[in-house]
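What follows is the content of coords_12.csv (CSV, C-alpha atoms).
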```csv
chain,number,residue,atom,x,y,z
A,30,MET,CA,100.8,86.7,127.4
A,31,THR,CA,97.2,87.5,126.4
A,32,MET,CA,98.4,89.0,123.1
A,33,LEU,CA,100.5,85.9,122.4
A,34,ILE,CA,97.7,83.5,123.1
A,35,GLY,CA,95.4,85.5,120.9
A,36,PHE,CA,97.9,85.5,118.1
A,37,ILE,CA,98.5,81.8,118.3
A,38,GLY,CA,94.7,81.3,118.2
A,39,GLN,CA,94.4,83.4,115.1
A,40,ILE,CA,97.2,81.4,113.3
A,41,TRP,CA,95.5,78.1,114.1
A,42,ALA,CA,92.1,79.3,113.0
A,43,ALA,CA,93.6,80.3,109.6
A,44,GLU,CA,95.5,77.0,109.3
A,45,GLU,CA,92.3,75.0,109.9
A,46,GLY,CA,90.4,77.0,107.3
A,47,GLN,CA,88.2,78.9,109.7
A,48,TYR,CA,88.4,82.2,107.8
A,49,THR,CA,86.0,85.0,108.5
A,50,LYS,CA,85.5,85.4,104.8
A,51,THR,CA,86.4,83.6,101.6
A,52,ILE,CA,86.6,85.5,98.3
A,53,THR,CA,86.8,83.4,95.1
A,54,VAL,CA,88.6,84.4,92.0
A,55,ALA,CA,87.8,82.6,88.7
A,56,GLN,CA,88.5,83.7,85.2
A,57,ASP,CA,85.3,82.1,83.8
A,58,GLY,CA,83.1,84.3,86.0
A,59,THR,CA,81.9,81.6,88.4
A,60,GLY,CA,83.6,83.3,91.3
A,61,ASP,CA,83.2,86.7,93.0
A,62,TYR,CA,85.8,88.4,90.8
A,63,LYS,CA,87.8,87.5,87.6
A,64,THR,CA,91.1,89.0,88.7
A,65,ILE,CA,93.3,88.8,91.8
A,66,ASN,CA,93.7,92.5,91.9
A,67,GLU,CA,90.0,93.1,91.9
A,68,ALA,CA,89.6,90.8,94.9
A,69,LEU,CA,92.4,92.5,96.8
A,70,LYS,CA,90.7,95.9,96.4
A,71,LYS,CA,87.7,94.5,98.2
A,72,VAL,CA,89.6,93.4,101.3
A,73,ARG,CA,89.4,96.0,104.1
A,74,GLY,CA,92.8,97.1,105.3
A,75,ASP,CA,91.6,97.5,108.9
A,76,PHE,CA,90.1,94.0,109.0
A,77,ASP,CA,91.8,92.0,111.8
A,78,ASP,CA,90.2,88.6,111.2
A,79,PRO,CA,91.7,86.2,108.6
A,80,VAL,CA,90.4,86.4,105.0
A,81,ARG,CA,91.1,83.9,102.3
A,82,ILE,CA,91.2,84.7,98.6
A,83,LEU,CA,90.8,81.4,96.8
A,84,VAL,CA,92.1,81.5,93.2
A,85,LYS,CA,90.8,79.0,90.8
A,86,ASP,CA,93.1,77.4,88.2
A,87,GLY,CA,94.1,79.6,85.2
A,88,VAL,CA,97.0,81.8,84.0
A,89,TYR,CA,96.4,85.2,85.6
A,90,LYS,CA,98.4,87.7,83.5
A,91,GLU,CA,98.5,90.3,86.2
A,92,LYS,CA,100.9,92.5,88.1
A,93,VAL,CA,99.7,91.8,91.6
A,94,LEU,CA,100.2,94.2,94.5
A,95,VAL,CA,99.2,93.3,98.1
A,96,ASN,CA,99.5,96.8,99.5
A,97,ASN,CA,100.7,97.8,102.9
A,98,THR,CA,97.2,98.4,104.3
A,99,LEU,CA,96.4,94.7,104.1
A,100,LYS,CA,96.9,92.1,106.8
A,101,ASN,CA,95.7,88.6,107.8
A,102,VAL,CA,95.1,87.6,104.2
A,103,THR,CA,95.7,84.2,102.6
A,104,ILE,CA,95.9,83.9,98.8
A,105,GLU,CA,95.5,80.3,98.0
A,106,GLY,CA,95.6,78.6,94.5
A,107,GLU,CA,93.4,75.8,93.5
A,108,SER,CA,96.5,73.8,92.4
A,109,ARG,CA,100.2,74.5,92.6
A,110,LYS,CA,100.8,74.0,88.8
A,111,GLY,CA,97.4,75.1,87.6
A,112,THR,CA,97.1,78.5,89.4
A,113,VAL,CA,99.7,80.7,87.7
A,114,ILE,CA,100.3,84.4,88.2
A,115,SER,CA,102.4,85.6,85.2
A,116,ASN,CA,104.0,88.8,84.1
A,117,GLY,CA,107.1,89.7,82.0
A,118,ASP,CA,108.4,93.1,83.2
A,119,TYR,CA,112.1,93.6,83.7
A,120,ALA,CA,114.3,96.3,85.2
A,121,SER,CA,115.4,98.1,81.9
A,122,LEU,CA,111.8,98.2,80.5
A,123,ASN,CA,110.8,101.8,80.7
A,124,ASN,CA,113.4,102.4,83.4
A,125,MET,CA,111.2,100.7,86.0
A,126,GLY,CA,114.2,99.3,87.9
A,127,THR,CA,114.5,96.0,89.7
A,128,SER,CA,111.9,96.9,92.4
A,129,GLY,CA,109.3,97.7,89.7
A,130,SER,CA,109.8,94.6,87.7
A,131,TYR,CA,107.8,92.3,90.0
A,132,THR,CA,105.0,89.9,89.0
A,133,MET,CA,103.7,89.9,92.6
A,134,ARG,CA,104.7,92.3,95.4
A,135,ILE,CA,103.6,91.9,99.0
A,136,ASP,CA,103.9,95.0,101.2
A,137,GLY,CA,101.2,94.0,103.7
A,138,ASN,CA,101.8,92.1,106.9
A,139,ASP,CA,100.6,88.6,108.0
A,140,ILE,CA,100.2,87.5,104.4
A,141,THR,CA,100.2,83.8,103.4
A,142,LEU,CA,100.7,82.6,99.8
A,143,LYS,CA,99.8,78.9,99.2
A,144,ASN,CA,99.6,76.4,96.4
A,145,MET,CA,100.4,78.4,93.3
A,146,THR,CA,103.0,79.4,90.8
A,147,ILE,CA,104.4,83.0,90.5
A,148,GLU,CA,106.5,83.5,87.3
A,149,ASN,CA,108.4,86.3,85.5
A,150,THR,CA,108.5,85.4,81.8
A,151,ALA,CA,110.9,88.1,80.7
A,152,GLY,CA,113.7,85.7,80.0
A,153,GLN,CA,117.4,86.3,80.5
A,154,VAL,CA,117.2,90.1,80.0
A,155,GLY,CA,118.7,91.2,83.3
A,156,GLN,CA,116.9,91.8,86.6
A,157,ALA,CA,113.3,90.5,86.4
A,158,VAL,CA,111.6,89.8,89.7
A,159,ALA,CA,108.8,87.2,90.1
A,160,LEU,CA,108.0,87.6,93.8
A,161,HIS,CA,108.9,90.8,95.8
A,162,THR,CA,108.2,90.8,99.6
A,163,THR,CA,108.7,93.8,101.8
A,164,GLY,CA,106.0,93.1,104.5
A,165,ASP,CA,106.5,91.4,107.8
A,166,LYS,CA,105.4,87.9,108.7
A,167,ILE,CA,105.1,86.5,105.2
A,168,HIS,CA,104.5,82.8,104.8
A,169,VAL,CA,104.9,81.1,101.4
A,170,ILE,CA,103.8,77.5,101.3
A,171,ASP,CA,103.9,74.9,98.4
A,172,CYS,CA,104.6,77.5,95.7
A,173,ASP,CA,106.8,77.6,92.6
A,174,ILE,CA,108.7,80.8,92.0
A,175,LEU,CA,110.1,81.0,88.5
A,176,GLY,CA,112.4,83.4,86.8
A,177,ASN,CA,116.0,84.0,85.9
A,178,GLN,CA,118.1,86.9,87.4
A,179,ASP,CA,116.6,88.2,90.7
A,180,THR,CA,113.7,85.8,90.8
A,181,LEU,CA,112.9,86.3,94.5
A,182,TYR,CA,113.4,89.7,96.2
A,183,ALA,CA,112.9,89.0,99.9
A,184,THR,CA,113.7,92.3,101.5
A,185,GLY,CA,112.7,94.8,104.2
A,186,HIS,CA,115.1,95.5,107.1
A,187,ASN,CA,112.5,94.3,109.6
A,188,SER,CA,110.8,91.7,107.4
A,189,ARG,CA,110.4,88.1,108.4
A,190,ASP,CA,109.6,85.5,105.7
A,191,LEU,CA,109.0,81.7,106.0
A,192,PHE,CA,109.2,79.6,102.8
A,193,ASP,CA,107.9,76.0,103.2
A,194,ASN,CA,108.2,73.3,100.5
A,195,CYS,CA,108.8,75.8,97.7
A,196,TYR,CA,110.6,75.5,94.3
A,197,ILE,CA,112.7,78.5,93.3
A,198,GLU,CA,114.7,78.7,90.1
A,199,GLY,CA,117.0,81.3,88.5
A,200,THR,CA,120.4,82.3,87.2
A,201,VAL,CA,122.1,85.2,89.0
A,202,ASP,CA,121.4,86.4,92.5
A,203,PHE,CA,118.0,84.7,92.3
A,204,ILE,CA,117.3,85.0,96.0
A,205,PHE,CA,118.3,88.4,97.2
A,206,GLY,CA,117.5,91.2,99.7
A,207,ALA,CA,117.6,92.3,103.3
A,208,ALA,CA,114.8,90.2,104.9
A,209,THR,CA,115.3,87.5,107.6
A,210,ALA,CA,114.0,84.4,105.7
A,211,LEU,CA,113.9,80.8,106.7
A,212,PHE,CA,113.6,78.3,103.8
A,213,ARG,CA,112.4,74.8,104.9
A,214,ASN,CA,112.4,71.8,102.7
A,215,CYS,CA,112.7,73.9,99.6
A,216,HIS,CA,114.2,73.1,96.2
A,217,LEU,CA,116.5,75.7,94.6
A,218,HIS,CA,117.5,75.2,90.9
A,219,ALA,CA,120.4,77.0,89.2
A,220,LYS,CA,119.6,77.3,85.4
A,221,ARG,CA,123.2,78.3,84.6
A,222,ASP,CA,126.4,79.6,86.2
A,223,GLY,CA,125.8,82.3,88.8
A,224,TYR,CA,124.9,82.9,92.4
A,225,LEU,CA,122.1,81.4,94.4
A,226,THR,CA,121.9,84.3,96.8
A,227,ALA,CA,122.8,87.9,97.2
A,228,ALA,CA,121.8,88.9,100.7
A,229,SER,CA,121.9,92.5,101.9
A,230,THR,CA,121.3,91.8,105.6
A,231,PRO,CA,121.5,94.8,107.9
A,232,LYS,CA,124.3,94.7,110.4
A,233,GLU,CA,121.9,94.7,113.4
A,234,ASN,CA,119.9,91.7,112.2
A,235,LEU,CA,121.0,88.4,113.8
A,236,VAL,CA,120.6,86.5,110.5
A,237,GLY,CA,119.5,86.9,106.9
A,238,TYR,CA,118.8,83.8,104.8
A,239,VAL,CA,118.7,80.3,106.3
A,240,PHE,CA,118.2,77.2,104.1
A,241,HIS,CA,117.3,74.1,106.2
A,242,ASN,CA,116.7,70.7,104.8
A,243,CYS,CA,116.8,72.1,101.2
A,244,LYS,CA,117.8,70.5,97.9
A,245,VAL,CA,119.9,72.4,95.4
A,246,THR,CA,120.1,71.3,91.8
A,247,ALA,CA,121.7,72.7,88.7
A,248,ASP,CA,121.4,72.3,84.9
A,249,PRO,CA,124.2,70.1,83.5
A,250,GLU,CA,126.0,73.0,81.9
A,251,ALA,CA,126.1,74.9,85.2
A,252,LYS,CA,129.6,74.2,86.5
A,253,ASN,CA,130.4,77.4,88.5
A,254,VAL,CA,127.5,78.2,90.8
A,255,HIS,CA,128.3,80.0,94.1
A,256,LEU,CA,126.2,79.7,97.2
A,257,GLY,CA,126.2,83.4,97.7
A,258,ARG,CA,127.8,86.8,97.3
A,259,PRO,CA,127.3,89.9,99.6
A,260,TRP,CA,125.1,92.6,98.0
A,261,ARG,CA,125.9,94.5,101.2
A,262,PRO,CA,128.8,94.0,103.6
A,263,TYR,CA,127.0,92.2,106.4
A,264,ALA,CA,125.2,89.7,104.2
A,265,SER,CA,124.1,86.6,106.1
A,266,THR,CA,123.4,83.2,104.5
A,267,PHE,CA,123.6,79.7,105.9
A,268,PHE,CA,122.9,76.2,104.4
A,269,ILE,CA,122.1,73.6,107.0
A,270,ASN,CA,121.4,69.9,106.3
A,271,CYS,CA,121.2,70.7,102.6
A,272,GLU,CA,122.0,68.7,99.5
A,273,LEU,CA,124.4,70.4,97.1
A,274,PRO,CA,125.1,69.4,93.4
A,275,LYS,CA,128.4,69.1,91.7
A,276,GLY,CA,127.9,72.4,89.9
A,277,ILE,CA,128.7,74.3,93.1
A,278,ASN,CA,132.1,76.1,92.9
A,279,PRO,CA,134.4,74.4,95.4
A,280,LYS,CA,135.1,77.7,97.2
A,281,GLY,CA,131.4,78.1,97.8
A,282,TRP,CA,131.2,81.8,98.5
A,283,HIS,CA,132.2,84.9,96.6
A,284,ASN,CA,133.3,88.3,98.0
A,285,TRP,CA,131.8,90.3,95.1
A,286,GLY,CA,135.2,91.6,94.1
A,287,ASN,CA,135.8,93.3,97.5
A,288,GLU,CA,138.1,91.7,100.1
A,289,GLU,CA,136.6,94.0,102.8
A,290,ASN,CA,133.4,92.0,102.5
A,291,GLU,CA,135.3,89.0,103.8
A,292,LYS,CA,135.6,90.7,107.2
A,293,THR,CA,131.9,91.3,107.6
A,294,ALA,CA,129.9,88.8,105.6
A,295,ARG,CA,128.3,86.0,107.6
A,296,TYR,CA,128.3,82.8,105.6
A,297,GLY,CA,128.4,79.1,106.5
A,298,GLU,CA,127.3,75.6,106.1
A,299,TYR,CA,126.6,72.7,108.4
A,300,ASN,CA,126.1,69.0,107.7
A,301,CYS,CA,125.5,69.5,104.0
A,302,LYS,CA,125.8,66.5,101.6
A,303,GLY,CA,126.2,65.8,97.9
A,304,PRO,CA,129.0,66.4,95.5
A,305,GLY,CA,128.9,70.1,96.0
A,306,ALA,CA,129.4,69.9,99.8
A,307,ASN,CA,133.1,70.4,99.6
A,308,GLU,CA,134.1,71.8,103.1
A,309,LYS,CA,137.9,71.3,102.6
A,310,GLU,CA,137.9,73.7,99.5
A,311,ARG,CA,135.7,76.4,101.0
A,312,VAL,CA,136.9,80.0,101.4
A,313,GLY,CA,138.7,80.5,104.7
A,314,TRP,CA,136.5,83.5,105.7
A,315,ARG,CA,133.2,81.6,106.0
A,316,LYS,CA,131.9,80.8,109.5
A,317,THR,CA,132.5,77.4,111.0
A,318,LEU,CA,129.2,76.1,112.5
A,319,ASN,CA,128.6,73.4,115.2
A,320,ALA,CA,125.4,71.6,116.1
A,321,LEU,CA,124.3,74.3,118.6
A,322,ASP,CA,124.8,77.0,115.9
A,323,ALA,CA,122.7,75.0,113.5
A,324,ALA,CA,119.9,74.4,116.0
A,325,GLU,CA,119.7,78.1,116.8
A,326,LEU,CA,119.8,79.2,113.2
A,327,THR,CA,116.9,76.9,112.3
A,328,ASP,CA,114.7,77.9,115.2
A,329,PRO,CA,112.0,80.3,114.0
A,330,GLY,CA,111.5,81.6,117.6
A,331,ARG,CA,115.1,82.7,117.7
A,332,ILE,CA,115.8,84.1,114.2
A,333,PHE,CA,112.4,85.8,114.0
A,334,ALA,CA,112.7,87.4,117.4
A,335,ARG,CA,111.6,91.1,117.1
A,336,ASN,CA,109.5,93.5,119.2
A,337,SER,CA,106.4,91.6,118.0
A,338,VAL,CA,105.7,87.9,118.4
A,339,TRP,CA,105.6,85.6,115.4
A,340,ILE,CA,105.2,81.9,115.8
A,341,PRO,CA,104.3,80.7,112.3
A,342,TYR,CA,102.6,77.3,112.2
```

Let me see the file written as structure tokens.
Amino acid sequence: MTMLIGFIGQIWAAEEGQYTKTITVAQDGTGDYKTINEALKKVRGDFDDPVRILVKDGVYKEKVLVNNTLKNVTIEGESRKGTVISNGDYASLNNMGTSGSYTMRIDGNDITLKNMTIENTAGQVGQAVALHTTGDKIHVIDCDILGNQDTLYATGHNSRDLFDNCYIEGTVDFIFGAATALFRNCHLHAKRDGYLTAASTPKENLVGYVFHNCKVTADPEAKNVHLGRPWRPYASTFFINCELPKGINPKGWHNWGNEENEKTARYGEYNCKGPGANEKERVGWRKTLNALDAAELTDPGRIFARNSVWIPY
């Protein structure tokens, strides 16, 4: 109980801005550092108290790595549209692969991103990640995550991610990976035909991706958008109280060309609305949810249950 109380206190201190230290990044030299990577190098990995890196407006053409020694760090932009982290790597460039194509990668734990844009500008050249998360207890608030294929790589078998009020756009599999991630009040936008998600949830994890009170939109030419396809057999993705556009394929879900995935994939919807919420036409192998299922799937305390406590504010 003491550990839990201490952790809750730490969260609320960070929420109220009571950081032990604030580091300012400004391209014009008025801050402590001119680049985000320089600031990250000055944060002690063994520092338990919350630290904020405040990033002033500007386009930061960096490949940002929050390494696995860091924890209790908030990276906060001055404004959502004005603070931009931008890079244009892609998987086939110098054989870097999908995992190496990121604009920003978070391997540390207890990391918060807030009020900024993270973009991959490579264009439609295959896999090109904007944000790659592998750490545990990652909270992303009021951020725009922009790209095409594989925009958001939320992965890590034991990783827990929470996305609040974020905008995420892409084309194919643009939210993918093994993490348990809850998306609350987010806006997903399909730029063309493709797949919103490609989860690779481990069999032993209760749930993978949950979209709660989210809005999905699509470009007018997008007429064949699937809610998800299983990158791995036990992929788990649910849409609850979401708004779905007419560009959603009536079947909703795809088996990635393998009927065996239909026996293991965990997909479903509950109380979704809009022209794309066509329950009668959905594939027969999706899960049928009731109100109790929906309540449990949207409860952070339940879906984020692990050996360690995480009660994100």

Show me the residues around (95.8, 84.4, 85.4) - criterion: an atom at most 9 Å away, all atoms listed in the file counted - as a VMD selection string. chain A and resid 55 to 56 63 to 65 86 to 91 112 to 115

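Straight-line separation from atom CA of Tyr182 of chain A to atom CA of Leu122 of chain A: 17.9 Å.
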
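The neighbours of Lys85 of chain A here are the residues that come within 9 Å of it, using all atoms listed in the file and leaving out any residue fewer than 5 positions away in the same chain; they are Thr53, Val54, Ala55, Gln56, Gly60, Glu105, Gly106, Glu107, Ser108, Gly111 and Thr112 of chain A.
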
Residues within 10 Å of segment 132-135 of chain A, all atoms listed in the file, excluding chain neighbours under 6 positions, as a ChimeraX atom specification: /A:90-97,99,114-119,141-142,147-150,157-165,167,180,182-183

For Asn270 of chain A: contacts at 6 Å, only C-alpha atoms, fewer than 3 positions along chain excluded, given as a PDB file with C-alpha atoms, in the frame of the given file:
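The resulting file, selection_14.pdb, is shown below:
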```
ATOM      1  CA  HIS A 241     117.300  74.100 106.200  1.00  0.00           C
ATOM      2  CA  ASN A 242     116.700  70.700 104.800  1.00  0.00           C
ATOM      3  CA  ASN A 300     126.100  69.000 107.700  1.00  0.00           C
ATOM      4  CA  CYS A 301     125.500  69.500 104.000  1.00  0.00           C
TER       5      CYS A 301
END
```

List the residues sitting within 10 Å of (105.6, 83.4, 110.5) in the file's frame, using only C-alpha atoms, as JSON, numbers by chain. {"A": [40, 139, 140, 141, 165, 166, 167, 168, 169, 189, 190, 191, 192, 210, 211, 329, 330, 333, 338, 339, 340, 341, 342]}

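In this model, the gap between atom CA of Gly206 of chain A and atom CA of Arg81 of chain A comes to 27.5 Å.
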
What's around Leu326 of chain A at 8 Å? Count only C-alpha atoms, leave out sequence neighbours fewer than 4 positions away in its own chain, and write the answer as an MDAnalysis selection string. chainID A and resid 236 239 322 331:332

Could you save those same residues with C-alpha atoms as an mmCIF file, keeping the file's coordinate frame?
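Final output, saved to result-v7.cif:
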```cif
data_model
loop_
_atom_site.group_PDB
_atom_site.id
_atom_site.type_symbol
_atom_site.label_atom_id
_atom_site.label_comp_id
_atom_site.auth_asym_id
_atom_site.auth_seq_id
_atom_site.Cartn_x
_atom_site.Cartn_y
_atom_site.Cartn_z
ATOM 1 C CA VAL A 236 120.600 86.500 110.500
ATOM 2 C CA VAL A 239 118.700 80.300 106.300
ATOM 3 C CA ASP A 322 124.800 77.000 115.900
ATOM 4 C CA ARG A 331 115.100 82.700 117.700
ATOM 5 C CA ILE A 332 115.800 84.100 114.200
#
```

Report as a PyMOL selection string all protein, DNA and RNA residues lying within 7 Å of Ala227 of chain A, evaluated on all atoms listed in the file, omitting residues in the same chain fewer than 2 positions from it. chain A and resi 202+204-206+229+257-260

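The spacing separating atom CA of Phe203 of chain A from atom CA of Arg311 of chain A amounts to 21.4 Å.
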
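For the residues A:Asn336, A:Thr49, A:Asn66, A:Asn284, ranking by smallest atom-to-atom distance to Val80 of chain A using all atoms listed in the file places A:Thr49 first.
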
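Considering all atoms listed in the file, the residue among A:Asn287, A:Thr127, A:Asn278, A:Thr146 positioned nearest to Pro262 of chain A is A:Asn287.
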